file target22.cif (mmCIF, C-alpha atoms)
data_my_file
loop_
_atom_site.group_PDB
_atom_site.id
_atom_site.type_symbol
_atom_site.label_atom_id
_atom_site.label_comp_id
_atom_site.auth_asym_id
_atom_site.auth_seq_id
_atom_site.Cartn_x
_atom_site.Cartn_y
_atom_site.Cartn_z
ATOM 1 C CA MET P 17 113.768 113.072 110.386
ATOM 2 C CA PHE P 18 113.758 116.313 108.418
ATOM 3 C CA ASP P 19 117.568 116.527 108.497
ATOM 4 C CA ALA P 20 117.755 112.881 107.362
ATOM 5 C CA GLN P 21 115.341 113.677 104.488
ATOM 6 C CA ILE P 22 112.755 111.205 105.790
ATOM 7 C CA ILE P 23 110.082 113.911 105.839
ATOM 8 C CA ASP P 24 109.732 117.099 103.803
ATOM 9 C CA GLY P 25 109.297 120.631 105.074
ATOM 10 C CA LYS P 26 105.507 120.523 104.897
ATOM 11 C CA LEU P 27 105.273 117.369 107.027
ATOM 12 C CA TYR P 28 107.949 118.720 109.380
ATOM 13 C CA ARG P 29 105.873 121.818 110.058
ATOM 14 C CA ALA P 30 102.732 119.691 110.520
ATOM 15 C CA ILE P 31 104.371 117.392 113.087
ATOM 16 C CA LEU P 32 106.152 120.130 115.029
ATOM 17 C CA PRO P 33 104.162 120.921 118.224
ATOM 18 C CA LYS P 34 102.628 124.383 118.409
ATOM 19 C CA ASP P 35 101.866 125.648 121.920
ATOM 20 C CA PRO P 36 101.515 122.087 123.307
ATOM 21 C CA LYS P 37 99.779 121.193 126.545
ATOM 22 C CA PRO P 38 99.853 118.057 128.708
ATOM 23 C CA ALA P 39 97.573 115.144 127.897
ATOM 24 C CA ARG P 40 94.569 114.805 130.202
ATOM 25 C CA LEU P 41 93.605 111.616 132.016
ATOM 26 C CA ARG P 42 89.991 110.624 132.540
ATOM 27 C CA LEU P 43 88.401 107.454 133.872
ATOM 28 C CA GLN P 44 85.694 105.750 131.817
ATOM 29 C CA PRO P 45 83.536 103.326 133.838
ATOM 30 C CA LYS P 46 82.884 99.893 132.335
ATOM 31 C CA VAL P 47 79.174 99.807 133.103
ATOM 32 C CA HIS P 48 78.742 96.313 131.622
ATOM 33 C CA LYS P 49 81.168 94.716 134.112
ATOM 34 C CA GLN P 50 80.725 93.800 137.753
ATOM 35 C CA ASN P 51 81.548 96.610 140.226
ATOM 36 C CA HIS P 52 82.013 98.985 137.241
ATOM 37 C CA PRO P 53 85.823 99.172 137.050
ATOM 38 C CA SER P 54 87.241 102.220 135.280
ATOM 39 C CA ARG P 55 89.288 102.332 132.091
ATOM 40 C CA PRO P 56 91.949 105.104 132.081
ATOM 41 C CA ILE P 57 91.777 107.138 128.853
ATOM 42 C CA THR P 58 94.408 109.740 127.990
ATOM 43 C CA SER P 59 93.275 112.572 125.739
ATOM 44 C CA GLY P 60 96.347 113.663 123.799
ATOM 45 C CA ASN P 61 94.694 116.441 121.790
ATOM 46 C CA GLY P 62 97.133 119.329 121.609
ATOM 47 C CA SER P 63 99.921 117.398 123.345
ATOM 48 C CA ALA P 64 103.545 117.571 122.215
ATOM 49 C CA THR P 65 103.498 114.079 120.673
ATOM 50 C CA GLU P 66 99.991 114.119 119.143
ATOM 51 C CA LYS P 67 101.101 114.700 115.523
ATOM 52 C CA LEU P 68 104.166 112.480 115.863
ATOM 53 C CA SER P 69 101.924 109.655 117.083
ATOM 54 C CA ALA P 70 99.690 110.210 114.043
ATOM 55 C CA PHE P 71 102.793 109.928 111.808
ATOM 56 C CA VAL P 72 103.712 106.543 113.351
ATOM 57 C CA ASP P 73 100.087 105.398 113.059
ATOM 58 C CA TYR P 74 100.107 106.243 109.325
ATOM 59 C CA GLN P 75 103.369 104.342 108.778
ATOM 60 C CA LEU P 76 101.968 101.205 110.468
ATOM 61 C CA THR P 77 98.720 101.172 108.455
ATOM 62 C CA PRO P 78 100.078 98.984 105.579
ATOM 63 C CA LEU P 79 100.885 96.248 108.124
ATOM 64 C CA MET P 80 97.251 95.881 109.177
ATOM 65 C CA ASN P 81 96.243 92.954 106.956
ATOM 66 C CA THR P 82 96.550 89.172 106.837
ATOM 67 C CA ASN P 83 99.669 89.297 104.635
ATOM 68 C CA TYR P 84 101.665 90.334 107.698
ATOM 69 C CA ILE P 85 99.323 89.352 110.555
ATOM 70 C CA PRO P 86 97.559 86.037 109.751
ATOM 71 C CA SER P 87 95.113 86.427 112.652
ATOM 72 C CA TYR P 88 94.145 90.011 111.755
ATOM 73 C CA ILE P 89 90.452 91.022 111.936
ATOM 74 C CA LYS P 90 89.513 94.463 110.612
ATOM 75 C CA ASP P 91 85.895 94.607 111.820
ATOM 76 C CA THR P 92 82.741 92.512 112.308
ATOM 77 C CA THR P 93 82.183 92.050 108.564
ATOM 78 C CA ASP P 94 85.749 90.850 108.127
ATOM 79 C CA PHE P 95 85.252 88.394 111.005
ATOM 80 C CA LEU P 96 82.076 87.017 109.410
ATOM 81 C CA ASN P 97 83.838 86.573 106.059
ATOM 82 C CA LYS P 98 86.681 84.680 107.698
ATOM 83 C CA ILE P 99 84.576 82.201 109.666
ATOM 84 C CA GLN P 100 82.405 81.538 106.598
ATOM 85 C CA ARG P 101 85.513 80.095 104.940
ATOM 86 C CA ILE P 102 85.979 77.553 107.732
ATOM 87 C CA ALA P 103 84.840 74.131 106.531
ATOM 88 C CA HIS P 104 82.729 71.757 108.612
ATOM 89 C CA PHE P 105 84.670 70.286 111.501
ATOM 90 C CA SER P 106 84.102 67.133 113.505
ATOM 91 C CA ASN P 107 82.387 67.562 116.852
ATOM 92 C CA SER P 108 81.169 64.014 117.285
ATOM 93 C CA SER P 109 83.050 63.521 120.555
ATOM 94 C CA GLY P 110 81.914 66.889 121.932
ATOM 95 C CA GLY P 111 85.524 68.065 122.099
ATOM 96 C CA SER P 112 85.112 71.139 119.905
ATOM 97 C CA LEU P 113 84.855 74.418 121.785
ATOM 98 C CA LEU P 114 84.253 78.050 120.953
ATOM 99 C CA VAL P 115 86.781 80.116 122.894
ATOM 100 C CA THR P 116 87.369 83.834 123.445
ATOM 101 C CA MET P 117 90.608 85.105 124.984
ATOM 102 C CA ASP P 118 91.121 88.650 126.213
ATOM 103 C CA VAL P 119 94.432 90.264 127.167
ATOM 104 C CA VAL P 120 94.299 91.935 130.584
ATOM 105 C CA SER P 121 95.042 95.682 130.176
ATOM 106 C CA LEU P 122 97.105 95.171 127.020
ATOM 107 C CA TYR P 123 98.025 98.798 126.253
ATOM 108 C CA THR P 124 99.484 99.557 129.673
ATOM 109 C CA ASN P 125 101.337 96.243 129.965
ATOM 110 C CA ILE P 126 103.475 96.369 126.809
ATOM 111 C CA PRO P 127 107.125 96.954 127.803
ATOM 112 C CA HIS P 128 108.621 99.743 125.701
ATOM 113 C CA THR P 129 111.664 97.742 124.601
ATOM 114 C CA GLU P 130 109.637 94.729 123.452
ATOM 115 C CA GLY P 131 106.983 96.888 121.815
ATOM 116 C CA VAL P 132 109.542 98.790 119.722
ATOM 117 C CA ARG P 133 111.303 95.518 118.866
ATOM 118 C CA ALA P 134 107.977 94.128 117.627
ATOM 119 C CA LEU P 135 107.475 97.212 115.434
ATOM 120 C CA ARG P 136 110.910 96.693 113.931
ATOM 121 C CA LYS P 137 110.193 93.015 113.163
ATOM 122 C CA MET P 138 106.871 93.838 111.547
ATOM 123 C CA LEU P 139 108.393 96.586 109.393
ATOM 124 C CA GLU P 140 111.168 94.200 108.348
ATOM 125 C CA LYS P 141 108.514 91.707 107.230
ATOM 126 C CA LYS P 142 107.203 94.386 104.869
ATOM 127 C CA ARG P 143 110.757 94.925 103.602
ATOM 128 C CA THR P 144 110.610 98.567 104.623
ATOM 129 C CA ASP P 145 113.751 100.589 103.925
ATOM 130 C CA PRO P 146 116.126 100.119 106.930
ATOM 131 C CA LYS P 147 116.619 103.879 107.186
ATOM 132 C CA MET P 148 112.857 104.362 107.406
ATOM 133 C CA ILE P 149 112.534 101.567 109.988
ATOM 134 C CA TYR P 150 115.087 103.321 112.184
ATOM 135 C CA TRP P 151 113.189 106.611 112.162
ATOM 136 C CA ILE P 152 109.736 105.081 112.612
ATOM 137 C CA THR P 153 110.914 103.189 115.698
ATOM 138 C CA LYS P 154 112.697 106.296 117.010
ATOM 139 C CA ALA P 155 109.463 108.268 116.591
ATOM 140 C CA ALA P 156 107.530 105.533 118.422
ATOM 141 C CA GLU P 157 110.059 105.617 121.275
ATOM 142 C CA CYS P 158 109.642 109.385 121.515
ATOM 143 C CA VAL P 159 105.862 109.043 121.850
ATOM 144 C CA LEU P 160 106.126 106.234 124.416
ATOM 145 C CA THR P 161 108.718 107.891 126.660
ATOM 146 C CA ASN P 162 107.224 111.404 126.582
ATOM 147 C CA ASN P 163 103.669 110.532 127.497
ATOM 148 C CA ASN P 164 103.216 113.137 130.229
ATOM 149 C CA LEU P 165 99.690 113.721 131.458
ATOM 150 C CA GLU P 166 97.720 115.807 133.911
ATOM 151 C CA PHE P 167 95.238 114.493 136.466
ATOM 152 C CA ASP P 168 93.698 116.342 139.401
ATOM 153 C CA ASN P 169 96.085 119.293 138.845
ATOM 154 C CA CYS P 170 99.146 117.028 139.131
ATOM 155 C CA HIS P 171 101.564 116.011 136.360
ATOM 156 C CA TYR P 172 102.580 112.403 135.720
ATOM 157 C CA LEU P 173 104.772 110.513 133.265
ATOM 158 C CA GLN P 174 103.588 107.081 132.111
ATOM 159 C CA ILE P 175 106.647 104.846 132.415
ATOM 160 C CA GLN P 176 105.201 101.564 131.111
ATOM 161 C CA GLY P 177 102.981 100.705 128.192
ATOM 162 C CA THR P 178 101.225 103.084 125.846
ATOM 163 C CA ALA P 179 98.373 105.420 126.635
ATOM 164 C CA MET P 180 94.836 104.549 125.615
ATOM 165 C CA GLY P 181 94.121 107.641 123.551
ATOM 166 C CA THR P 182 97.307 108.269 121.586
ATOM 167 C CA LYS P 183 96.741 107.641 117.862
ATOM 168 C CA MET P 184 99.407 105.012 117.327
ATOM 169 C CA ALA P 185 98.271 102.845 120.274
ATOM 170 C CA PRO P 186 95.916 100.364 118.502
ATOM 171 C CA LYS P 187 98.320 99.513 115.655
ATOM 172 C CA TYR P 188 101.320 99.496 117.993
ATOM 173 C CA ALA P 189 99.509 97.020 120.268
ATOM 174 C CA CYS P 190 98.419 94.974 117.250
ATOM 175 C CA CYS P 191 102.033 94.664 116.044
ATOM 176 C CA PHE P 192 103.203 93.629 119.515
ATOM 177 C CA MET P 193 100.493 90.964 119.764
ATOM 178 C CA ALA P 194 101.303 89.708 116.245
ATOM 179 C CA ILE P 195 104.883 88.892 117.241
ATOM 180 C CA LEU P 196 103.869 87.499 120.649
ATOM 181 C CA GLU P 197 101.138 85.217 119.293
ATOM 182 C CA GLU P 198 103.443 84.011 116.525
ATOM 183 C CA GLU P 199 105.920 82.818 119.161
ATOM 184 C CA ILE P 200 103.190 81.314 121.383
ATOM 185 C CA LEU P 201 101.580 79.349 118.546
ATOM 186 C CA GLU P 202 104.952 78.200 117.224
ATOM 187 C CA LYS P 203 106.173 76.896 120.579
ATOM 188 C CA SER P 204 102.930 75.550 122.034
ATOM 189 C CA PRO P 205 102.568 71.754 121.715
ATOM 190 C CA LEU P 206 98.797 72.270 121.474
ATOM 191 C CA LYS P 207 97.288 74.553 118.840
ATOM 192 C CA PRO P 208 93.764 75.761 118.020
ATOM 193 C CA LEU P 209 92.063 74.832 114.774
ATOM 194 C CA THR P 210 91.405 78.537 114.125
ATOM 195 C CA TYR P 211 92.917 81.621 115.751
ATOM 196 C CA LEU P 212 91.677 85.148 114.968
ATOM 197 C CA ARG P 213 92.261 88.443 116.784
ATOM 198 C CA PHE P 214 90.938 91.999 116.930
ATOM 199 C CA ILE P 215 93.662 93.981 118.813
ATOM 200 C CA ASP P 216 93.449 92.179 122.197
ATOM 201 C CA ASP P 217 90.272 90.091 121.686
ATOM 202 C CA CYS P 218 91.057 86.601 120.389
ATOM 203 C CA LYS P 219 88.649 84.070 118.912
ATOM 204 C CA LEU P 220 89.588 80.381 118.839
ATOM 205 C CA ILE P 221 88.003 77.204 117.581
ATOM 206 C CA TRP P 222 89.424 74.437 119.743
ATOM 207 C CA THR P 223 88.997 70.770 118.817
ATOM 208 C CA SER P 224 91.135 69.019 121.448
ATOM 209 C CA GLY P 225 88.864 69.109 124.502
ATOM 210 C CA LEU P 226 88.636 71.254 127.624
ATOM 211 C CA GLU P 227 91.601 69.730 129.438
ATOM 212 C CA ASN P 228 93.987 70.499 126.585
ATOM 213 C CA LEU P 229 92.480 73.988 126.232
ATOM 214 C CA GLN P 230 93.318 74.693 129.879
ATOM 215 C CA LYS P 231 96.878 73.536 129.227
ATOM 216 C CA PHE P 232 97.110 75.896 126.261
ATOM 217 C CA ILE P 233 95.819 78.845 128.313
ATOM 218 C CA LYS P 234 98.261 78.020 131.095
ATOM 219 C CA PHE P 235 101.116 77.931 128.568
ATOM 220 C CA ALA P 236 100.044 81.260 127.038
ATOM 221 C CA ASN P 237 99.841 82.894 130.485
ATOM 222 C CA SER P 238 103.317 81.678 131.398
ATOM 223 C CA PHE P 239 104.895 82.921 128.163
ATOM 224 C CA HIS P 240 105.223 86.618 129.043
ATOM 225 C CA SER P 241 105.732 88.298 132.414
ATOM 226 C CA SER P 242 103.188 91.113 131.935
ATOM 227 C CA ILE P 243 100.780 89.796 129.262
ATOM 228 C CA LYS P 244 98.040 87.624 130.779
ATOM 229 C CA PHE P 245 94.871 86.200 129.238
ATOM 230 C CA THR P 246 91.373 85.597 130.516
ATOM 231 C CA PHE P 247 89.163 83.211 128.579
ATOM 232 C CA GLU P 248 85.639 81.914 128.158
ATOM 233 C CA HIS P 249 84.546 78.759 126.383
ATOM 234 C CA SER P 250 81.384 76.984 125.301
ATOM 235 C CA GLN P 251 80.373 73.905 123.341
ATOM 236 C CA THR P 252 77.305 75.625 121.923
ATOM 237 C CA LYS P 253 77.540 79.427 121.583
ATOM 238 C CA LEU P 254 79.703 82.413 122.519
ATOM 239 C CA PRO P 255 79.525 86.164 121.729
ATOM 240 C CA TYR P 256 82.257 87.902 119.764
ATOM 241 C CA MET P 257 82.372 91.336 118.060
ATOM 242 C CA GLY P 258 78.634 91.985 118.067
ATOM 243 C CA THR P 259 77.769 88.444 116.970
ATOM 244 C CA MET P 260 76.676 85.291 118.747
ATOM 245 C CA VAL P 261 78.578 82.374 117.224
ATOM 246 C CA HIS P 262 76.900 78.942 117.423
ATOM 247 C CA ILE P 263 78.059 75.418 116.663
ATOM 248 C CA ILE P 264 75.126 73.777 114.843
ATOM 249 C CA ASP P 265 75.544 70.435 113.054
ATOM 250 C CA ASN P 266 79.345 70.766 113.026
ATOM 251 C CA LYS P 267 79.053 74.155 111.347
ATOM 252 C CA LEU P 268 79.474 77.732 112.569
ATOM 253 C CA GLU P 269 76.321 79.856 112.498
ATOM 254 C CA THR P 270 76.041 83.502 113.576
ATOM 255 C CA LYS P 271 73.331 85.866 114.725
ATOM 256 C CA LEU P 272 73.138 89.363 116.192
ATOM 257 C CA TYR P 273 74.353 89.894 119.766
ATOM 258 C CA SER P 274 73.720 92.987 121.889
ATOM 259 C CA LYS P 275 75.194 93.616 125.322
ATOM 260 C CA PRO P 276 72.717 93.834 128.226
ATOM 261 C CA THR P 277 73.604 97.539 128.588
ATOM 262 C CA ASP P 278 72.601 98.327 124.975
ATOM 263 C CA THR P 279 69.577 100.671 125.211
ATOM 264 C CA HIS P 280 68.817 100.521 121.450
ATOM 265 C CA GLN P 281 68.275 104.270 121.318
ATOM 266 C CA TYR P 282 68.006 105.820 117.855
ATOM 267 C CA LEU P 283 67.205 109.277 116.488
ATOM 268 C CA LEU P 284 63.648 110.485 116.991
ATOM 269 C CA PRO P 285 61.835 111.693 113.857
ATOM 270 C CA SER P 286 61.465 115.046 115.616
ATOM 271 C CA SER P 287 65.224 115.547 115.895
ATOM 272 C CA CYS P 288 66.846 118.247 113.762
ATOM 273 C CA HIS P 289 68.452 116.048 111.100
ATOM 274 C CA PRO P 290 67.909 115.731 107.341
ATOM 275 C CA LYS P 291 64.939 113.517 106.470
ATOM 276 C CA GLN P 292 67.117 110.998 104.641
ATOM 277 C CA ILE P 293 68.947 110.282 107.890
ATOM 278 C CA HIS P 294 65.703 109.161 109.530
ATOM 279 C CA ARG P 295 64.608 107.213 106.448
ATOM 280 C CA ASN P 296 67.902 105.316 106.270
ATOM 281 C CA ILE P 297 67.983 104.134 109.905
ATOM 282 C CA PRO P 298 65.482 101.191 109.558
ATOM 283 C CA PRO P 299 66.942 99.765 106.308
ATOM 284 C CA GLY P 300 70.464 100.261 107.677
ATOM 285 C CA LEU P 301 69.621 98.257 110.787
ATOM 286 C CA ALA P 302 67.930 95.574 108.668
ATOM 287 C CA ILE P 303 70.998 95.255 106.432
ATOM 288 C CA ARG P 304 73.218 94.901 109.500
ATOM 289 C CA ILE P 305 71.008 92.145 110.928
ATOM 290 C CA ARG P 306 70.903 90.292 107.594
ATOM 291 C CA ARG P 307 74.664 90.545 107.229
ATOM 292 C CA ILE P 308 75.281 89.095 110.698
ATOM 293 C CA CYS P 309 72.569 86.395 110.712
ATOM 294 C CA SER P 310 73.830 83.387 108.786
ATOM 295 C CA ASN P 311 70.391 81.880 108.179
ATOM 296 C CA LEU P 312 66.837 83.123 107.634
ATOM 297 C CA ASP P 313 65.503 81.737 110.917
ATOM 298 C CA PHE P 314 67.911 83.923 112.891
ATOM 299 C CA PHE P 315 67.166 86.912 110.662
ATOM 300 C CA ASN P 316 63.379 86.575 110.985
ATOM 301 C CA LYS P 317 63.614 86.297 114.755
ATOM 302 C CA HIS P 318 65.775 89.418 115.108
ATOM 303 C CA SER P 319 63.952 91.519 112.520
ATOM 304 C CA GLU P 320 60.665 90.992 114.407
ATOM 305 C CA ASN P 321 62.232 92.402 117.583
ATOM 306 C CA SER P 322 61.479 96.125 117.833
ATOM 307 C CA ASN P 323 64.647 96.613 119.924
ATOM 308 C CA ASN P 324 66.770 95.598 116.937
ATOM 309 C CA ILE P 325 64.957 97.403 114.134
#
call {"tool": "encode", "arguments": {"input": "target22.cif", "output": "structure tokens"}}
result
Amino acid sequence: MFDAQIIDGKLYRAILPKDPKPARLRLQPKVHKQNHPSRPITSGNGSATEKLSAFVDYQLTPLMNTNYIPSYIKDTTDFLNKIQRIAHFSNSSGGSLLVTMDVVSLYTNIPHTEGVRALRKMLEKKRTDPKMIYWITKAAECVLTNNNLEFDNCHYLQIQGTAMGTKMAPKYACCFMAILEEEILEKSPLKPLTYLRFIDDCKLIWTSGLENLQKFIKFANSFHSSIKFTFEHSQTKLPYMGTMVHIIDNKLETKLYSKPTDTHQYLLPSSCHPKQIHRNIPPGLAIRIRRICSNLDFFNKHSENSNNI
């Protein structure tokens, strides 16, 4: 990239590995799930591709918005803003459903070839310079194919997917899902009223009944050999991104949702922190609750709960 004048000398020296070491693999238990399965996390700090992965991550940042990914959700506040724009919808026949879809182990199931192809398509949508597209995708390939790691004093090379822990992984996965979902929604005979996504967590409003929803899920699961979806549905309420979304009078209402494993632990006044930190915790929590609760009844109920504020 330096020889091709894509990067300058300063960036070249920043990306170049200095005394690199292998990435380290650790297993993080999912304590909120049955039997506590583990999530493999690769710490790439100090690895040969750490800075190169950060370079790719930076180049993909401009793609992370609804201009290029219509379903894109940035965070909980962005999700709330988007569903507030959804007009009332008919639920007189009881056919409207709240649906969440989750991709099974997305990061480790993205084939390298298809992932890089998705990056190229997304960069072309932004009308990125073809020369730059070539080098960004080459850099991504380098990160993906040189993901060596150490576990229990043994060395391994990850041959499929991207590591959970390398900096470019979330945006790389988001670009892959953007192209995949575009094809699924285009070719599916049945489509949701609303489709939103945060990396691998999808939120749908479905108005065609449970039987047609099952057909849609079956179609989505048959579309790609390694990308499979699990889903939950409800006619009344369903959690998503720290909120509980309700259907009330043909309208979406939201309130705060906490996982059963949330211990609601906050800083003690005796802890060694500046006083303003302690003073700001209660109003900060109250603002969060008010932002998430779409009506005063929900807000009053949650604000009276000492676990929430």
call {"tool": "atom_distance", "arguments": {"input": "target22.cif", "atom1": "CA of Phe214 (chain P)", "atom2": "CA of Gln251 (chain P)"}}
result
21.9 Å
call {"tool": "resolve_selection", "arguments": {"input": "target22.cif", "expression": "the PyMOL selection byres ((chain P and resi 116-128) around 10)", "output": "PyMOL selection string"}}
result
chain P and resi 55-56+113-115+129-134+156-157+160-161+174-180+185-186+188-190+192-193+211-221+233+237+241-250+254-256
call {"tool": "residues_near_point", "arguments": {"input": "target22.cif", "point": "(74.6, 88.9, 113.2)", "cutoff": "9 Å", "atoms": "only C-alpha atoms", "output": "ChimeraX atom specification"}}
result
/P:92,96,258-261,270-273,304-310,314-315
call {"tool": "atom_distance", "arguments": {"input": "target22.cif", "atom1": "CA of Lys37 (chain P)", "atom2": "CA of Ala64 (chain P)"}}
result
6.8 Å
call {"tool": "atom_distance", "arguments": {"input": "target22.cif", "atom1": "CA of Pro78 (chain P)", "atom2": "CA of Leu139 (chain P)"}}
result
9.5 Å
call {"tool": "resolve_selection", "arguments": {"input": "target22.cif", "expression": "the PyMOL selection byres ((chain P and resi 277) around 12)", "output": "list in words"}}
result
Lys46, Val47, His48, Lys49, Tyr273, Ser274, Lys275, Pro276, Asp278, Thr279, His280 and Gln281 of chain P
call {"tool": "closest_residue", "arguments": {"input": "target22.cif", "among": "P:Lys317, P:Lys187, P:Leu43, P:Ala236", "to": "Leu79 (chain P)", "atoms": "all atoms listed in the file"}}
result
P:Lys187
call {"tool": "closest_residue", "arguments": {"input": "target22.cif", "among": "P:Gln75, P:Leu32, P:Asn311, P:Asp265", "to": "Thr144 (chain P)", "atoms": "all atoms listed in the file"}}
result
P:Gln75
call {"tool": "decode", "arguments": {"input": "target22.cif", "residues": "region 83-95 of chain P", "atoms": "N, CA, C and O atoms", "output": "PDB file, in the first residue's frame"}}
result
ATOM      1  N   ASN P  83     -27.713   5.018   4.604  1.00  0.00           N
ATOM      2  CA  ASN P  83     -27.544   5.323   3.180  1.00  0.00           C
ATOM      3  C   ASN P  83     -27.049   4.103   2.408  1.00  0.00           C
ATOM      4  O   ASN P  83     -27.365   3.945   1.221  1.00  0.00           O
ATOM      5  N   TYR P  84     -26.265   3.269   3.068  1.00  0.00           N
ATOM      6  CA  TYR P  84     -25.701   2.089   2.416  1.00  0.00           C
ATOM      7  C   TYR P  84     -26.270   0.791   2.978  1.00  0.00           C
ATOM      8  O   TYR P  84     -26.280  -0.224   2.283  1.00  0.00           O
ATOM      9  N   ILE P  85     -26.745   0.824   4.222  1.00  0.00           N
ATOM     10  CA  ILE P  85     -27.345  -0.368   4.840  1.00  0.00           C
ATOM     11  C   ILE P  85     -28.705   0.057   5.396  1.00  0.00           C
ATOM     12  O   ILE P  85     -28.786   0.599   6.509  1.00  0.00           O
ATOM     13  N   PRO P  86     -29.790  -0.144   4.671  1.00  0.00           N
ATOM     14  CA  PRO P  86     -31.111   0.339   5.098  1.00  0.00           C
ATOM     15  C   PRO P  86     -31.542  -0.178   6.466  1.00  0.00           C
ATOM     16  O   PRO P  86     -32.266   0.510   7.190  1.00  0.00           O
ATOM     17  N   SER P  87     -31.096  -1.369   6.848  1.00  0.00           N
ATOM     18  CA  SER P  87     -31.519  -1.969   8.109  1.00  0.00           C
ATOM     19  C   SER P  87     -30.655  -1.543   9.287  1.00  0.00           C
ATOM     20  O   SER P  87     -30.901  -1.954  10.426  1.00  0.00           O
ATOM     21  N   TYR P  88     -29.633  -0.727   9.051  1.00  0.00           N
ATOM     22  CA  TYR P  88     -28.594  -0.463  10.047  1.00  0.00           C
ATOM     23  C   TYR P  88     -29.137   0.177  11.324  1.00  0.00           C
ATOM     24  O   TYR P  88     -29.910   1.129  11.288  1.00  0.00           O
ATOM     25  N   ILE P  89     -28.732  -0.381  12.486  1.00  0.00           N
ATOM     26  CA  ILE P  89     -29.013   0.194  13.800  1.00  0.00           C
ATOM     27  C   ILE P  89     -27.677   0.480  14.468  1.00  0.00           C
ATOM     28  O   ILE P  89     -26.842  -0.423  14.598  1.00  0.00           O
ATOM     29  N   LYS P  90     -27.482   1.713  14.911  1.00  0.00           N
ATOM     30  CA  LYS P  90     -26.229   2.093  15.566  1.00  0.00           C
ATOM     31  C   LYS P  90     -26.207   1.671  17.029  1.00  0.00           C
ATOM     32  O   LYS P  90     -25.210   1.128  17.522  1.00  0.00           O
ATOM     33  N   ASP P  91     -27.301   1.935  17.757  1.00  0.00           N
ATOM     34  CA  ASP P  91     -27.378   1.628  19.177  1.00  0.00           C
ATOM     35  C   ASP P  91     -28.843   1.647  19.600  1.00  0.00           C
ATOM     36  O   ASP P  91     -29.741   1.770  18.755  1.00  0.00           O
ATOM     37  N   THR P  92     -29.089   1.550  20.914  1.00  0.00           N
ATOM     38  CA  THR P  92     -30.465   1.494  21.417  1.00  0.00           C
ATOM     39  C   THR P  92     -31.237   2.766  21.082  1.00  0.00           C
ATOM     40  O   THR P  92     -32.402   2.717  20.679  1.00  0.00           O
ATOM     41  N   THR P  93     -30.598   3.922  21.229  1.00  0.00           N
ATOM     42  CA  THR P  93     -31.275   5.188  20.924  1.00  0.00           C
ATOM     43  C   THR P  93     -31.667   5.259  19.460  1.00  0.00           C
ATOM     44  O   THR P  93     -32.776   5.705  19.117  1.00  0.00           O
ATOM     45  N   ASP P  94     -30.796   4.804  18.591  1.00  0.00           N
ATOM     46  CA  ASP P  94     -31.089   4.781  17.163  1.00  0.00           C
ATOM     47  C   ASP P  94     -32.271   3.851  16.882  1.00  0.00           C
ATOM     48  O   ASP P  94     -33.150   4.161  16.076  1.00  0.00           O
ATOM     49  N   PHE P  95     -32.307   2.701  17.549  1.00  0.00           N
ATOM     50  CA  PHE P  95     -33.419   1.767  17.397  1.00  0.00           C
ATOM     51  C   PHE P  95     -34.739   2.407  17.821  1.00  0.00           C
ATOM     52  O   PHE P  95     -35.757   2.305  17.122  1.00  0.00           O
TER      53      PHE P  95
END
